[in-house]
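Chemist: So that we are looking at the same thing, I have put the structure below in C-alpha cells.
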Amino acid sequence: MARTIYTLLLLLLLPWALLHLLWRALRQPDYLRHWGERFGFYEPRPAAPIIWLHAVSVGETRAAQPLVTLLRQRYPDHRILFTHMTPTGRQTSETLFGDTVERIYLPYDYPWAVRRFLQHYRPEIGIIMETEIWPNLVAASDKAGIPMLLVNARLSERSARRYACYPALTREALSYLNTIGAQSEADASRLVRLGAKNVTIAGNMKFDIVAPATQLELGSILRSRFGKRPVLLAASTRDGEESLILDALRGQPIPGLLLVIVPRHPQRFNEVAILVQTCGFKLQRRSEGNGVMPDTEILLGDSMGEMFAYYSSCDAAFIGGSLLDHGSQNLIEACAVGVPVLVGPSTYNFAEAASQAIACGAAQQVGNAAELIAAAAALLADEDRRKSMGEAGSTFAKRHRGASERTLTMITQAMR
C-alpha cells in the first residue's frame, strides 16, 4: 500500500518533473538531452553481459573509480553500465572512463519505466552507490531476480530522520537489497534502525582513489605558473560560499595571496567570475591557459576533472560545502595528496572522515568565513605546521584504504 501511494504521488508530480528539467536546462543545457532515457527508452544494448552501477552524480561516480578497476579485472567479459541522474555525473564518467563503459540516465521511478530499463539491459547485478534508494526500482529488480547491493552506503542523521517519516516504504525498499556495505558503524546503525538487513561495514571507497600521475604533473605545472606566492585553494565551493570568503578576505587581506576558487558546479563558473570582479578583485580564469600574472588575486578554476592537480599545486585547501549547511564536499582527496585541510562547521556528509582528519591533525575546523581567512593566514605563514598537517593527511588516507576490495567480495558473493 505504501508503494502504491508513493507511485500515485509520482504520477501527480510528473508535470513538475518535466518543468524541473526545463528549469535546470536554463543554467545547464545538457538537461535537455537524452529525455527518453529518463522514461526508459534506450539505444540497443551491448552484446556482453552487464554489471550495472548507479552513481547519481559527480561524487558517487568518482568514488566508484577504484571499484570499476577491480570489476574489470575480475569480470573482463562483462560490460559495465553506469546510470546517472545529473549531466555532471554523466560527464564525469565520460572523463574518467571514456568509451570503456556504457552510460545512460536512470529512469524516473515509475513502474513501467524501470521495468523497461531492466528488460532492455538485463543486468546480472545492480550496484547502487551511497544513498540512492528508489522503491519501485528495487522492487522490480527483486521481481526480475536481479541481486541489488547498496555499497559505500552513508546515511547522515538528518537523512535518517527523513527516511523515518515513511517507515513502511523505507522498510520495504531496504528489504529488497541483498547486501549493504556501509561506510562506518554509525551509517550501519542508522540503516539497521530503518529496517535494513545484511548490513556490513566495508569502509569508504573514496580512500582508495589514488591521484593519477598526470594530475600530479599538471599540479607541478600549475604551481610553476603561480610563482612563489602563498596559494589557498577553495575547492568545490557551493552557492553563497564564494561571497562569504571574498568579503572576509577584503576585511583580512593576506599579503601576496593567490586564492584559487573551484566551484562545485560548472554551470556557476560565469556567475562566480562576475562575483569576483564585482567585489573588486583582479581575476584570471584557468581556461585561459596563461601564466598567472603577478597582480592576479583570484584564479577561477573553470575546468573539469583537475581537482587533484589543484590540490597538489596549493599550500592549503578549504573544502567547500562546509561553510554553509551543505554537509561538506570530499576532504579525503586533499588529505591523500598531502595538503593541509581547512573545513567549515557543516560536515555531516563526511562526519566520520572529518572528525578523524581533525583528530589526527590533518585538518582544522573553522566556524565561519572570518575564522577561515584567519586560520589560512596563520597556516600559510607556518611552513612546519603545513608539512606536519600534510604528512598526517597522507598517513590518514592510507590507513583507511581497502573498502573497494571488500566491496568486490560482496559483489562476487551476490553474483554467485
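By convention here, the chains of the C-alpha cells are called A, B, ... in the order presented, each chain's residues are numbered starting at 1, and ligands are numbered starting at 1 in the order presented.
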What's the 10 Å shell around Pro107 of chain A, counting only C-alpha atoms, without same-chain residues fewer than 5 positions away, as a CSV table (one decimal) with N, CA and C atoms, in the first residue's frame?
Modeler:
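Now in part_29.csv:
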chain,number,residue,atom,x,y,z
A,35,TRP,N,16.2,12.9,-23.0
A,35,TRP,CA,15.0,12.8,-22.2
A,35,TRP,C,14.4,11.4,-22.2
A,36,GLY,N,14.5,10.7,-23.3
A,36,GLY,CA,13.8,9.4,-23.4
A,36,GLY,C,14.4,8.4,-22.4
A,37,GLU,N,15.7,8.6,-22.1
A,37,GLU,CA,16.3,7.7,-21.1
A,37,GLU,C,15.6,7.8,-19.8
A,38,ARG,N,15.2,9.0,-19.4
A,38,ARG,CA,14.6,9.2,-18.1
A,38,ARG,C,13.2,8.6,-18.0
A,39,PHE,N,12.7,8.0,-19.1
A,39,PHE,CA,11.4,7.3,-19.1
A,39,PHE,C,11.6,5.9,-19.6
A,40,GLY,N,12.8,5.4,-19.7
A,40,GLY,CA,13.0,4.0,-20.0
A,40,GLY,C,13.2,3.7,-21.5
A,41,PHE,N,13.5,4.7,-22.4
A,41,PHE,CA,13.8,4.4,-23.8
A,41,PHE,C,15.3,4.6,-24.1
A,83,THR,N,24.6,4.3,-14.6
A,83,THR,CA,23.4,5.1,-14.7
A,83,THR,C,23.7,6.3,-13.8
A,84,HIS,N,23.2,7.5,-14.3
A,84,HIS,CA,23.3,8.7,-13.5
A,84,HIS,C,22.0,9.4,-13.5
A,85,MET,N,21.9,10.5,-12.7
A,85,MET,CA,20.8,11.4,-12.6
A,85,MET,C,21.1,12.8,-13.1
A,112,TRP,N,6.5,1.3,-15.0
A,112,TRP,CA,6.7,0.9,-16.4
A,112,TRP,C,8.1,1.3,-16.9
A,113,ALA,N,8.6,2.5,-16.4
A,113,ALA,CA,9.9,2.9,-16.9
A,113,ALA,C,11.0,2.0,-16.3
A,114,VAL,N,11.0,1.7,-15.0
A,114,VAL,CA,12.1,0.9,-14.5
A,114,VAL,C,12.0,-0.6,-15.1
A,115,ARG,N,10.8,-1.1,-15.3
A,115,ARG,CA,10.6,-2.4,-15.9
A,115,ARG,C,11.2,-2.4,-17.3
A,116,ARG,N,11.0,-1.3,-18.1
A,116,ARG,CA,11.5,-1.2,-19.4
A,116,ARG,C,13.1,-1.2,-19.4
A,117,PHE,N,13.6,-0.5,-18.4
A,117,PHE,CA,15.0,-0.4,-18.3
A,117,PHE,C,15.6,-1.8,-18.0
A,137,LEU,N,12.2,0.8,-8.3
A,137,LEU,CA,13.3,0.2,-8.9
A,137,LEU,C,13.8,-1.1,-8.2
Chemist: Mind listing the alpha helix (DSSP H) residues of segment 85-304 of chain A, per DSSP on the backbone, as a PyMOL selection string?
Modeler: chain A and resi 87-97+111-121+135-143+157-164+167-175+185-193+213-226+241-251+269-278
Chemist: Export C-alpha atoms of the chosen residues as an mmCIF file, in the first residue's frame?
Modeler:
data_model
loop_
_atom_site.group_PDB
_atom_site.id
_atom_site.type_symbol
_atom_site.label_atom_id
_atom_site.label_comp_id
_atom_site.auth_asym_id
_atom_site.auth_seq_id
_atom_site.Cartn_x
_atom_site.Cartn_y
_atom_site.Cartn_z
ATOM 1 C CA PRO A 87 24.632 15.718 -16.593
ATOM 2 C CA THR A 88 27.699 16.447 -14.442
ATOM 3 C CA GLY A 89 27.716 12.860 -13.194
ATOM 4 C CA ARG A 90 27.466 11.628 -16.776
ATOM 5 C CA GLN A 91 30.238 13.958 -17.890
ATOM 6 C CA THR A 92 32.440 12.774 -15.015
ATOM 7 C CA SER A 93 32.077 9.124 -16.050
ATOM 8 C CA GLU A 94 32.973 10.138 -19.603
ATOM 9 C CA THR A 95 36.087 11.931 -18.357
ATOM 10 C CA LEU A 96 37.155 9.051 -16.106
ATOM 11 C CA PHE A 97 36.229 6.037 -18.225
ATOM 12 C CA PRO A 111 6.984 1.152 -12.535
ATOM 13 C CA TRP A 112 6.725 0.904 -16.354
ATOM 14 C CA ALA A 113 9.918 2.929 -16.856
ATOM 15 C CA VAL A 114 12.067 0.852 -14.505
ATOM 16 C CA ARG A 115 10.626 -2.395 -15.923
ATOM 17 C CA ARG A 116 11.529 -1.241 -19.434
ATOM 18 C CA PHE A 117 15.049 -0.389 -18.271
ATOM 19 C CA LEU A 118 15.562 -3.783 -16.612
ATOM 20 C CA GLN A 119 14.074 -5.738 -19.530
ATOM 21 C CA HIS A 120 16.205 -3.832 -22.026
ATOM 22 C CA TYR A 121 19.602 -4.197 -20.319
ATOM 23 C CA PRO A 135 11.317 1.850 -4.098
ATOM 24 C CA ASN A 136 9.871 0.798 -7.472
ATOM 25 C CA LEU A 137 13.317 0.176 -8.945
ATOM 26 C CA VAL A 138 14.493 -2.167 -6.187
ATOM 27 C CA ALA A 139 11.122 -3.943 -6.114
ATOM 28 C CA ALA A 140 11.217 -4.535 -9.889
ATOM 29 C CA SER A 141 14.829 -5.747 -9.666
ATOM 30 C CA ASP A 142 13.868 -8.221 -6.979
ATOM 31 C CA LYS A 143 10.955 -9.497 -9.090
ATOM 32 C CA GLU A 157 21.311 11.534 10.955
ATOM 33 C CA ARG A 158 19.408 14.177 9.015
ATOM 34 C CA SER A 159 18.719 11.807 6.103
ATOM 35 C CA ALA A 160 17.783 9.007 8.502
ATOM 36 C CA ARG A 161 15.137 11.229 10.068
ATOM 37 C CA ARG A 162 13.670 11.957 6.626
ATOM 38 C CA TYR A 163 13.509 8.262 5.731
ATOM 39 C CA ALA A 164 11.953 7.525 9.123
ATOM 40 C CA PRO A 167 8.701 3.818 7.756
ATOM 41 C CA ALA A 168 6.685 1.268 5.752
ATOM 42 C CA LEU A 169 8.018 2.450 2.367
ATOM 43 C CA THR A 170 11.598 2.657 3.628
ATOM 44 C CA ARG A 171 11.496 -0.741 5.314
ATOM 45 C CA GLU A 172 10.072 -2.390 2.188
ATOM 46 C CA ALA A 173 12.654 -0.783 -0.117
ATOM 47 C CA LEU A 174 15.532 -1.816 2.139
ATOM 48 C CA SER A 175 14.207 -5.372 2.302
ATOM 49 C CA GLU A 185 29.475 1.854 12.143
ATOM 50 C CA ALA A 186 27.263 4.935 12.535
ATOM 51 C CA ASP A 187 25.929 4.572 8.962
ATOM 52 C CA ALA A 188 25.276 0.866 9.550
ATOM 53 C CA SER A 189 23.423 1.574 12.792
ATOM 54 C CA ARG A 190 21.113 4.106 11.155
ATOM 55 C CA LEU A 191 20.335 1.749 8.275
ATOM 56 C CA VAL A 192 19.547 -1.126 10.646
ATOM 57 C CA ARG A 193 17.322 1.187 12.663
ATOM 58 C CA ALA A 213 50.412 10.757 -12.129
ATOM 59 C CA THR A 214 49.210 13.004 -14.951
ATOM 60 C CA GLN A 215 47.242 15.106 -12.461
ATOM 61 C CA LEU A 216 50.246 15.453 -10.154
ATOM 62 C CA GLU A 217 52.372 16.513 -13.128
ATOM 63 C CA LEU A 218 49.744 19.081 -14.075
ATOM 64 C CA GLY A 219 49.786 20.294 -10.469
ATOM 65 C CA SER A 220 53.518 20.944 -10.761
ATOM 66 C CA ILE A 221 52.937 22.918 -13.949
ATOM 67 C CA LEU A 222 50.209 24.987 -12.291
ATOM 68 C CA ARG A 223 52.438 25.656 -9.299
ATOM 69 C CA SER A 224 55.202 26.934 -11.564
ATOM 70 C CA ARG A 225 52.670 29.349 -13.077
ATOM 71 C CA PHE A 226 51.642 30.568 -9.627
ATOM 72 C CA GLU A 241 30.206 30.488 -0.049
ATOM 73 C CA GLU A 242 32.334 32.456 -2.504
ATOM 74 C CA SER A 243 30.777 35.774 -1.434
ATOM 75 C CA LEU A 244 31.419 34.959 2.236
ATOM 76 C CA ILE A 245 35.061 34.122 1.533
ATOM 77 C CA LEU A 246 35.658 37.194 -0.621
ATOM 78 C CA ASP A 247 34.063 39.507 1.950
ATOM 79 C CA ALA A 248 36.227 38.008 4.688
ATOM 80 C CA LEU A 249 39.340 38.351 2.541
ATOM 81 C CA ARG A 250 38.626 42.021 1.923
ATOM 82 C CA GLY A 251 38.438 42.531 5.673
ATOM 83 C CA PHE A 269 31.662 29.373 -13.435
ATOM 84 C CA ASN A 270 30.491 32.570 -15.122
ATOM 85 C CA GLU A 271 28.403 33.573 -12.113
ATOM 86 C CA VAL A 272 31.432 33.287 -9.805
ATOM 87 C CA ALA A 273 33.624 35.201 -12.276
ATOM 88 C CA ILE A 274 31.168 38.104 -12.239
ATOM 89 C CA LEU A 275 31.032 37.992 -8.422
ATOM 90 C CA VAL A 276 34.826 38.164 -8.122
ATOM 91 C CA GLN A 277 35.038 41.172 -10.435
ATOM 92 C CA THR A 278 32.125 42.904 -8.700
#
Chemist: Run DSSP on the backbone and tell me which residues of segment 303-334 of chain A come out as strand (DSSP E or B); list them as a list in words.
Modeler: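 Here are the strand (DSSP E or B) residues of segment 303-334 of chain A: Ala316, Ala317, Phe318 and Ile319 of chain A.
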Chemist: Got time to write the residues from that selection, C-alpha atoms, as a CSV table (one decimal), in the first residue's frame?
Modeler:
chain,number,residue,atom,x,y,z
A,316,ALA,CA,46.4,24.8,1.9
A,317,ALA,CA,42.9,23.8,0.9
A,318,PHE,CA,39.5,24.8,2.1
A,319,ILE,CA,36.8,22.2,1.4
Chemist: Which one is closest to Gln252 of chain A: A:Ala2, A:Ala375, A:Leu10, A:Ile128? Count only C-alpha atoms.
Modeler: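 Ranked by minimum distance to Gln252 of chain A, first place goes to A:Ala375.
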Chemist: Considering only C-alpha atoms, return as number ranges by chain whatever protein or nucleic-acid residues lie within 12 Å of Arg386 of chain A, sequence-local ones (same chain, fewer than 5 positions apart) excluded.
Modeler: A: 230, 314-317, 335, 338-342, 361-364, 375-381, 391-393
Chemist: Would you pick out the contacts of segment 45-49 of chain A at 9 Å or less, using only C-alpha atoms, so that residues sharing its chain but fewer than 5 positions from it are not included, and give the list as a count of residues only?
Modeler: 10
Chemist: Between atom CA of Trp52 of chain A and atom CA of Tyr75 of chain A, what distance in Å does the model show, to one decimal?
Modeler: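 Calculated distance between atom CA of Trp52 of chain A and atom CA of Tyr75 of chain A is 12.6 Å.
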Chemist: Which residue is closest to Glu306 of chain A? Choose from A:Ala211, A:Ile50, A:Leu323, A:Ala234 and count only C-alpha atoms.
Modeler: A:Ala211
Chemist: Hey, what's within 12 Å of Ala25 of chain A if we count only C-alpha atoms and toss same-chain stuff fewer than 6 positions away? As JSON, numbers by chain, please?
Modeler: {"A": [18, 19, 31, 32, 33, 35, 86, 87, 267]}
Chemist: Would you export the selected residues with C-alpha atoms as a PDB file, in the first residue's frame, please?
Modeler:
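Output contents, as saved in selection33.pdb:
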ATOM      1  CA  LEU A  18       9.247  17.975 -16.786  1.00  0.00           C
ATOM      2  CA  LEU A  19       9.211  21.622 -15.729  1.00  0.00           C
ATOM      3  CA  TYR A  31      19.447  18.677 -19.139  1.00  0.00           C
ATOM      4  CA  LEU A  32      17.622  18.934 -22.476  1.00  0.00           C
ATOM      5  CA  ARG A  33      19.437  15.875 -23.829  1.00  0.00           C
ATOM      6  CA  TRP A  35      14.993  12.814 -22.170  1.00  0.00           C
ATOM      7  CA  THR A  86      22.727  14.528 -13.496  1.00  0.00           C
ATOM      8  CA  PRO A  87      24.632  15.718 -16.593  1.00  0.00           C
ATOM      9  CA  GLN A 267      27.234  25.979 -14.587  1.00  0.00           C
TER      10      GLN A 267
END
Chemist: Would you mind telling me which residue in A:Ala397, A:Ile373, A:Val366, A:Leu14 lies nearest to Leu259 of chain A when using only C-alpha atoms?
Modeler: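 Going through A:Ala397, A:Ile373, A:Val366, A:Leu14 one by one, the smallest distance to Leu259 of chain A is for A:Ile373.
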Chemist: I'd like to know which of A:Ser313, A:Ser388, A:Thr347, A:Gln284 is closest to Thr296 of chain A, using only C-alpha atoms.
Modeler: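 Using only C-alpha atoms, the shortest distance to Thr296 of chain A belongs to A:Gln284.
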Chemist: Could you check which of A:Leu300, A:Ala336, A:Leu70, A:Leu232 is closest to Thr395 of chain A, using only C-alpha atoms?
Modeler: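 Among the listed residues, A:Ala336 lies closest to Thr395 of chain A.
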